[in-house]
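Please read the structure below before turning to the comments.
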Amino acid sequence: MADDTTLVMGAVAYDPKVVTIWDGFRRWFADQDFDFDYVLYSNYERQVEDLVAGRIHAAWNSPLAWVRSVRLAAASGTEARALTMRDTDCDLTSVIVVRADTPYQSVADLRGATIATGAVDSPQATLIPLLLLEDAGLDPGADATIRRYDVGVGLHGDHVGGEREAARALTNGDVEAACMIDANHLQFTNEVTLPAGATRIIGQTPPYDHCNMTVTTAGPTDALARFGDLLRAMDYGDAAVRPLLDLEGLRQWVPGRTIGYAQLERAVDETAFYDDAGHVTAAEYRP
Amino acid sequence: MPDMSPPPSTAPDPGAGAATVDLGALGLDGGAHLLLDHALAPLPPGTRLVVKGRDPALAVHLRVWARARGHRVDPSSDGKLVVVRGSANDDRWRDAARAGDARAATATRADARWGLAARGALIESGGPAPRFDLDDHDVVWADIAPQLYAQALAGQWDPATSIPWDAATDLSPEVEAAVVQVMTYLIENEQAALTVPARFLGRVHPHFREIVQLLAVQVADEARHVEVFTRRARLHGDTLGVSGAGGRASLQSLLDEPDFTLALFLLSVLGEGSFLNLLAFLERHAPDPVTAAIAHLVLQDEARHVAYGLAHVELAVRADPSLRASLQMAIERRHDALRDTAGLNQAVHDALTVLAAGAWEPDAIAAGVTRVRTLEAEMDEGRRRRLARLGYSTDDAAALSALHTRNFM
């Protein structure tokens with residue numbers, strides 16, 4: 001159990017830069033006379049379990065970890081809240097991409113095709129885009145072959161490797177389509193994983209939200225409120241935090257909102273990824 | 001289920017006069033961000049920019065691009081693509097400052113935060129503040145530096161083509177050995193003359209670009225001098241001369257001087273100043289054309305080094321007349337430190353005599369002795385003249401010149 005005075009946040013070590021970021025923020029919090037520390041997890045599942053068990057006060061969560069937090073918290077008689085999020089977490093989309101020289105014009109055309117996705121636990125490259133298939137009347141796995149690229153399982157898609165392998169599989173002709181987050185389509189094109197002009201987007205999900213700073217109603221109310229206020233007070237013009245904000249990929253922390261997780265909730269239910277109480281029930285998931 | 005409708009737009013509708021950019025067929029994977037940045041730059045934050053374009057992925061990529069740069073795409077613009085300008089870029093440059101004036105070095109102190117940036121560049125706040133401790137104009141500057149640098153560049157010579165390495169020489173073994181000994185002595189002296197500015201080079205704030213350039217070319221000059229002296233020493237054999245402990249102790253005392261102005265004073269004003277006479281002596285009395293050509297070319301370079309050293313120390317003394325006492329103490333300290341050493345190696349002294357004699361005969365050697373005595377008198381005269389230029393009285397200049405190291409450099 002964290003002590004009474006230090007606010008302890010969990011973060012998942014999906015990349016070495018996580019240490020740079022939260023060490024830097026920790027120093028900045030200290031300068032604001034706010035007692036903050038962080039612990040690192042190798043995967044989101046243990047982080048969420050520790051949040052709900054009260055071993056940490058806040059969890060820098062993936063969207064999938066948020067969904068599980070909501071369920072675990074409710075099952076234990078508390079409530080998960082999204083304290084804050086990055087400006088860049090709002091209104092993301094995922095896309096389904098084909099090679100430009102193939103005849104596919106819409107997601108419905110992918111009947112019988114092989115479709116590459118990211119890791120089993122990637123909201124943006126697996127869980128959410130596969131809903132597009134269902135909405136087009138295709139049953140993933142039955143009406144189309146899903147080829148998953150399980151890189152960094154347990155990191156909920158934070159590791160870009162699975163998406164990049166899916167994109168390479170598309171370029172190599174191993175698959176007919178690939179799923180990825182909108183930003184990676186642009187990045188992969190710029191880094192020539194996808195040659196310019198060689199791919200075409202045939203499907204785009206509605207907007208959804210990504211990470212949030214999850215807390216529970218059982219946490220220390222005042223300290224958590226101050227934590228959220230301080231994060232939102234970080235100023236991109238301030239040279240002390242700007243490099244850290246750049247590393248973390250945001251310009252501004254904005255108030256947390258929970259309107260952007262409906263698609264993922266649906267995907268979790270339809271794939272039985274977690275049950276209603278937040279137990280991990282996904283068959284092929286070994287974080 | 002939670003409401004998934006997009007948040008309502010708070011921005012005004014783009015009116016008839018709303019800013020518009022047409023990207024044509026250019027996509028964000030092909031440089032469209034340049035046109036977008038250019039169109040957004042003059043607009044205040046919150047302003048809407050209508051984006052037109054034919055790239056099929058534009059609608060997807062524009063959202064990605066805008067999000068990553070702190071702008072947003074208005075979701076409620078009826079099929080139109082409208083970017084609402086954010087303030088992230090303005091925030092990033094809010095506390096930026098110019099690294100001095102592009103036209104000239106600052107008259108005072110260079111800011112550590114300017115670091116490696118070009119003089120006059122706009123410096124984003126928050127970068128490293130490297131320690132270049134020679135950051136005070138008065139400590140490093142000399143008005144003549146840019147001119148000397150230009151001269152140095154124009155005066156660079158190629159050892160391979162500027163020296164008649166194949167010219168016939170027919171020296172007696174004794175005279176050739178003397179030339180080799182003098183070259184051996186010159187190499188270690190030039191090594192010291194390379195190391196001293198090289199050590200300071202990395203300490204001069206890059207804002208004083210002209211000084212950094214001048215020191216850099218000075219180091220390159222010395223590297224070339226080491227090369228040609230070495231090549232002459234080995235022209236007819238691979239056995240070099242001797243290196244006396246006293247001579248190396250004298251050079252070590254130059255390396256040990258931590259103060260930039262004092263080091264330049266000892267090295268360039270007094271040491272290299274004396275070397276101007278030595279090199280002129282070598283050119284005049286060289287027994288072979290290769291040695292004469294080398295001395296001629298090296299002398300030109302060394303004259304620039306002396307000019308910078310003298311101009312710098314002169315400026316520093318003018319800014320702080322009390323510096324004269326420090327210079328005097330530096331000479332006295334060095335003299336005391338070297339009191340119990342031999343100074344110029346006897347072998348070097350003799351080699352100069354034989355070199356100037358040009359032949360291994362009593363009459364020639366007598367002439368050589370006279371010429372070396374004349375050289376020493378010229379060196380003393382030169383040092384006294386330069387000391388007088390720094391404001392020392394005739395008597396003080398004479399006394400200080402007499403304390404200069406017997407090793408010449």
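Letters A, B, ... mark the chains of the structure tokens in the order given; residue numbers begin at 1 per chain; ligand numbers begin at 1, in order shown.
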Do you have, as JSON lines, the list of residues of stretch 77-103 of chain A lying at most 9 Å from stretch 204-218 of chain A, each with its nearest atom pair and that distance in Å to one decimal, counting only C-alpha atoms and ordered by chain then number?
{"residue": "A:Thr78", "atom": "CA", "partner": "A:Thr217", "partner_atom": "CA", "distance": 5.9}
{"residue": "A:Glu79", "atom": "CA", "partner": "A:Thr216", "partner_atom": "CA", "distance": 5.4}
{"residue": "A:Ala80", "atom": "CA", "partner": "A:Thr216", "partner_atom": "CA", "distance": 4.3}
{"residue": "A:Arg81", "atom": "CA", "partner": "A:Val215", "partner_atom": "CA", "distance": 5.3}
{"residue": "A:Ala82", "atom": "CA", "partner": "A:Thr214", "partner_atom": "CA", "distance": 4.8}
{"residue": "A:Leu83", "atom": "CA", "partner": "A:Met213", "partner_atom": "CA", "distance": 5.4}
{"residue": "A:Thr84", "atom": "CA", "partner": "A:Met213", "partner_atom": "CA", "distance": 5.3}
{"residue": "A:Met85", "atom": "CA", "partner": "A:Asn212", "partner_atom": "CA", "distance": 4.5}
{"residue": "A:Arg86", "atom": "CA", "partner": "A:Asn212", "partner_atom": "CA", "distance": 7.4}
{"residue": "A:Thr88", "atom": "CA", "partner": "A:His210", "partner_atom": "CA", "distance": 8.3}
{"residue": "A:Asp89", "atom": "CA", "partner": "A:His210", "partner_atom": "CA", "distance": 4.7}
{"residue": "A:Cys90", "atom": "CA", "partner": "A:Asp209", "partner_atom": "CA", "distance": 4.7}
{"residue": "A:Asp91", "atom": "CA", "partner": "A:Pro207", "partner_atom": "CA", "distance": 4.5}
{"residue": "A:Leu92", "atom": "CA", "partner": "A:Pro207", "partner_atom": "CA", "distance": 5.1}
{"residue": "A:Thr93", "atom": "CA", "partner": "A:Pro207", "partner_atom": "CA", "distance": 4.9}
{"residue": "A:Ser94", "atom": "CA", "partner": "A:Thr205", "partner_atom": "CA", "distance": 5.4}
{"residue": "A:Val95", "atom": "CA", "partner": "A:Gln204", "partner_atom": "CA", "distance": 4.4}
{"residue": "A:Ile96", "atom": "CA", "partner": "A:Gln204", "partner_atom": "CA", "distance": 6.5}
Practice problem: List every residue of stretch 76-183 of chain B that DSSP, applied to the backbone of this structure, places in alpha helix (DSSP H), and write the result as a VMD selection string. | Solution: chain B and resid 88 to 93 137 to 140 145 to 154 159 to 162 173 to 183
Residues of chain A within 10 Å of chain B, only C-alpha atoms counted, as a JSON list (two decimals) with N, CA and C atoms, in the first residue's frame:
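The new file result19.json reads:
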[["chain", "number", "residue", "atom", "x", "y", "z"],
["A", 87, "ASP", "N", -4.21, 15.72, -25.07],
["A", 87, "ASP", "CA", -5.00, 16.28, -26.18],
["A", 87, "ASP", "C", -4.98, 15.33, -27.37],
["A", 88, "THR", "N", -3.89, 14.59, -27.49],
["A", 88, "THR", "CA", -3.73, 13.69, -28.63],
["A", 88, "THR", "C", -4.41, 12.34, -28.41],
["A", 89, "ASP", "N", -5.08, 12.17, -27.26],
["A", 89, "ASP", "CA", -5.82, 10.93, -27.03],
["A", 89, "ASP", "C", -7.25, 11.02, -27.55],
["A", 90, "CYS", "N", -7.66, 12.20, -27.97],
["A", 90, "CYS", "CA", -9.07, 12.40, -28.31],
["A", 90, "CYS", "C", -9.30, 12.24, -29.82],
["A", 91, "ASP", "N", -10.34, 11.52, -30.13],
["A", 91, "ASP", "CA", -10.84, 11.44, -31.52],
["A", 91, "ASP", "C", -9.83, 10.83, -32.48],
["A", 92, "LEU", "N", -9.29, 9.68, -32.11],
["A", 92, "LEU", "CA", -8.44, 8.94, -33.04],
["A", 92, "LEU", "C", -9.33, 8.04, -33.90],
["A", 93, "THR", "N", -8.77, 7.58, -35.00],
["A", 93, "THR", "CA", -9.49, 6.60, -35.81],
["A", 93, "THR", "C", -8.51, 5.51, -36.23],
["A", 94, "SER", "N", -9.05, 4.37, -36.61],
["A", 94, "SER", "CA", -8.24, 3.33, -37.22],
["A", 94, "SER", "C", -8.71, 3.14, -38.64],
["A", 95, "VAL", "N", -7.82, 2.59, -39.46],
["A", 95, "VAL", "CA", -8.15, 2.43, -40.87],
["A", 95, "VAL", "C", -7.85, 1.01, -41.33],
["A", 181, "ILE", "N", -3.73, 2.19, -36.80],
["A", 181, "ILE", "CA", -4.24, 3.48, -36.37],
["A", 181, "ILE", "C", -3.91, 4.51, -37.45],
["A", 182, "ASP", "N", -4.73, 5.54, -37.55],
["A", 182, "ASP", "CA", -4.56, 6.53, -38.62],
["A", 182, "ASP", "C", -3.15, 7.14, -38.63],
["A", 183, "ALA", "N", -2.63, 7.43, -37.44],
["A", 183, "ALA", "CA", -1.30, 8.06, -37.37],
["A", 183, "ALA", "C", -0.22, 7.15, -37.92],
["A", 184, "ASN", "N", -0.38, 5.84, -37.72],
["A", 184, "ASN", "CA", 0.64, 4.93, -38.23],
["A", 184, "ASN", "C", 0.55, 4.79, -39.75],
["A", 185, "HIS", "N", -0.64, 4.97, -40.31],
["A", 185, "HIS", "CA", -0.70, 4.94, -41.77],
["A", 185, "HIS", "C", 0.15, 6.06, -42.35],
["A", 186, "LEU", "N", 0.04, 7.23, -41.74],
["A", 186, "LEU", "CA", 0.87, 8.35, -42.21],
["A", 186, "LEU", "C", 2.35, 8.09, -41.91],
["A", 187, "GLN", "N", 2.62, 7.60, -40.69],
["A", 187, "GLN", "CA", 4.03, 7.36, -40.32],
["A", 187, "GLN", "C", 4.65, 6.28, -41.21],
["A", 188, "PHE", "N", 3.93, 5.18, -41.42],
["A", 188, "PHE", "CA", 4.49, 4.09, -42.23],
["A", 188, "PHE", "C", 4.71, 4.56, -43.67],
["A", 189, "THR", "N", 3.87, 5.46, -44.14],
["A", 189, "THR", "CA", 4.07, 5.98, -45.50],
["A", 189, "THR", "C", 5.31, 6.87, -45.52],
["A", 190, "ASN", "N", 5.43, 7.71, -44.50],
["A", 190, "ASN", "CA", 6.59, 8.61, -44.45],
["A", 190, "ASN", "C", 7.90, 7.84, -44.29],
["A", 191, "GLU", "N", 7.86, 6.73, -43.56],
["A", 191, "GLU", "CA", 9.11, 5.97, -43.36],
["A", 191, "GLU", "C", 9.26, 4.89, -44.43],
["A", 192, "VAL", "N", 8.33, 4.86, -45.39],
["A", 192, "VAL", "CA", 8.37, 3.98, -46.57],
["A", 192, "VAL", "C", 8.21, 2.50, -46.21],
["A", 195, "PRO", "N", 5.06, 2.06, -49.31],
["A", 195, "PRO", "CA", 5.51, 2.98, -50.36],
["A", 195, "PRO", "C", 4.43, 4.01, -50.69],
["A", 196, "ALA", "N", 4.87, 5.24, -50.95],
["A", 196, "ALA", "CA", 3.91, 6.33, -51.22],
["A", 196, "ALA", "C", 3.01, 5.96, -52.40],
["A", 197, "GLY", "N", 1.73, 6.16, -52.21],
["A", 197, "GLY", "CA", 0.79, 5.92, -53.30],
["A", 197, "GLY", "C", 0.46, 4.46, -53.53],
["A", 199, "THR", "N", -0.84, 2.32, -51.30],
["A", 199, "THR", "CA", -1.95, 1.78, -50.52],
["A", 199, "THR", "C", -3.17, 2.69, -50.62],
["A", 200, "ARG", "N", -4.28, 2.11, -50.28],
["A", 200, "ARG", "CA", -5.55, 2.84, -50.34],
["A", 200, "ARG", "C", -6.33, 2.52, -49.08],
["A", 201, "ILE", "N", -6.97, 3.53, -48.50],
["A", 201, "ILE", "CA", -7.78, 3.33, -47.29],
["A", 201, "ILE", "C", -9.19, 2.99, -47.73],
["A", 202, "ILE", "N", -9.69, 1.81, -47.30],
["A", 202, "ILE", "CA", -11.06, 1.46, -47.70],
["A", 202, "ILE", "C", -12.02, 1.48, -46.52],
["A", 204, "GLN", "N", -12.65, 3.36, -42.38],
["A", 204, "GLN", "CA", -12.17, 4.16, -41.25],
["A", 204, "GLN", "C", -13.19, 4.05, -40.13],
["A", 206, "PRO", "N", -15.24, 5.13, -36.67],
["A", 206, "PRO", "CA", -15.61, 6.41, -36.05],
["A", 206, "PRO", "C", -14.53, 6.80, -35.04],
["A", 207, "PRO", "N", -14.50, 8.07, -34.64],
["A", 207, "PRO", "CA", -13.48, 8.50, -33.68],
["A", 207, "PRO", "C", -13.63, 7.78, -32.34],
["A", 208, "TYR", "N", -12.51, 7.51, -31.72],
["A", 208, "TYR", "CA", -12.50, 6.93, -30.37],
["A", 208, "TYR", "C", -11.38, 7.60, -29.59],
["A", 209, "ASP", "N", -11.41, 7.41, -28.26],
["A", 209, "ASP", "CA", -10.37, 8.00, -27.42],
["A", 209, "ASP", "C", -9.35, 6.94, -27.02],
["A", 235, "ASP", "N", 2.58, 23.60, -19.11],
["A", 235, "ASP", "CA", 2.48, 24.61, -20.17],
["A", 235, "ASP", "C", 3.49, 24.26, -21.26],
["A", 236, "TYR", "N", 3.03, 24.09, -22.47],
["A", 236, "TYR", "CA", 3.93, 23.73, -23.57],
["A", 236, "TYR", "C", 4.97, 24.82, -23.82],
["A", 237, "GLY", "N", 4.70, 26.02, -23.35],
["A", 237, "GLY", "CA", 5.68, 27.09, -23.48],
["A", 237, "GLY", "C", 6.80, 27.01, -22.45],
["A", 238, "ASP", "N", 6.62, 26.13, -21.45],
["A", 238, "ASP", "CA", 7.59, 26.02, -20.36],
["A", 238, "ASP", "C", 8.68, 25.04, -20.78],
["A", 239, "ALA", "N", 9.90, 25.56, -20.90],
["A", 239, "ALA", "CA", 11.01, 24.73, -21.39],
["A", 239, "ALA", "C", 11.30, 23.56, -20.45],
["A", 240, "ALA", "N", 10.85, 23.66, -19.19],
["A", 240, "ALA", "CA", 11.13, 22.58, -18.25],
["A", 240, "ALA", "C", 10.30, 21.34, -18.55],
["A", 241, "VAL", "N", 9.11, 21.52, -19.10],
["A", 241, "VAL", "CA", 8.26, 20.35, -19.37],
["A", 241, "VAL", "C", 8.09, 20.06, -20.86],
["A", 242, "ARG", "N", 8.38, 21.04, -21.72],
["A", 242, "ARG", "CA", 8.11, 20.84, -23.15],
["A", 242, "ARG", "C", 8.79, 19.59, -23.73],
["A", 243, "PRO", "N", 10.08, 19.34, -23.41],
["A", 243, "PRO", "CA", 10.69, 18.12, -23.97],
["A", 243, "PRO", "C", 9.98, 16.85, -23.50],
["A", 246, "ASP", "N", 6.74, 16.56, -25.39],
["A", 246, "ASP", "CA", 7.06, 16.08, -26.74],
["A", 246, "ASP", "C", 7.28, 14.56, -26.73],
["A", 249, "GLY", "N", 4.18, 12.79, -26.31],
["A", 249, "GLY", "CA", 3.31, 12.94, -27.47],
["A", 249, "GLY", "C", 2.06, 13.76, -27.20],
["A", 250, "LEU", "N", 2.19, 14.84, -26.49],
["A", 250, "LEU", "CA", 1.04, 15.72, -26.28],
["A", 250, "LEU", "C", 1.49, 17.17, -26.24],
["A", 251, "ARG", "N", 0.53, 18.08, -26.37],
["A", 251, "ARG", "CA", 0.81, 19.50, -26.20],
["A", 251, "ARG", "C", 0.18, 19.99, -24.90],
["A", 252, "GLN", "N", -0.82, 19.25, -24.47],
["A", 252, "GLN", "CA", -1.60, 19.72, -23.32],
["A", 252, "GLN", "C", -2.35, 18.54, -22.71],
["A", 258, "THR", "N", -15.02, 10.12, -20.89],
["A", 258, "THR", "CA", -15.21, 8.67, -21.07],
["A", 258, "THR", "C", -16.15, 8.37, -22.23],
["A", 259, "ILE", "N", -16.41, 9.41, -23.04],
["A", 259, "ILE", "CA", -17.36, 9.20, -24.13],
["A", 259, "ILE", "C", -16.73, 8.43, -25.30],
["A", 260, "GLY", "N", -15.43, 8.29, -25.28],
["A", 260, "GLY", "CA", -14.76, 7.77, -26.47],
["A", 260, "GLY", "C", -14.38, 6.30, -26.38],
["A", 261, "TYR", "N", -14.97, 5.55, -25.46],
["A", 261, "TYR", "CA", -14.55, 4.15, -25.29],
["A", 261, "TYR", "C", -15.63, 3.15, -25.67],
["A", 262, "ALA", "N", -16.75, 3.62, -26.25],
["A", 262, "ALA", "CA", -17.88, 2.73, -26.52],
["A", 262, "ALA", "C", -17.51, 1.64, -27.52],
["A", 263, "GLN", "N", -16.78, 2.00, -28.56],
["A", 263, "GLN", "CA", -16.42, 0.99, -29.56],
["A", 263, "GLN", "C", -15.58, -0.11, -28.92],
["A", 265, "GLU", "N", -15.48, -0.98, -25.73],
["A", 265, "GLU", "CA", -16.34, -1.77, -24.83],
["A", 265, "GLU", "C", -17.05, -2.86, -25.63],
["A", 266, "ARG", "N", -17.55, -2.46, -26.77],
["A", 266, "ARG", "CA", -18.29, -3.41, -27.61],
["A", 266, "ARG", "C", -17.36, -4.52, -28.11]]
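Using only C-alpha atoms for every distance, the candidate list A:Val52, A:Ala177, A:Ala13, A:Ala233 yields A:Val52 as the residue closest to A:Arg71.
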Exercise. Tell me which protein, DNA and RNA residues are within 12 Å of B:Ala325, counting only C-alpha atoms, leaving out same-chain ones fewer than 6 positions away, and put them as a ChimeraX atom specification.
Key: /B:262,317,331-333,390-392,396,400
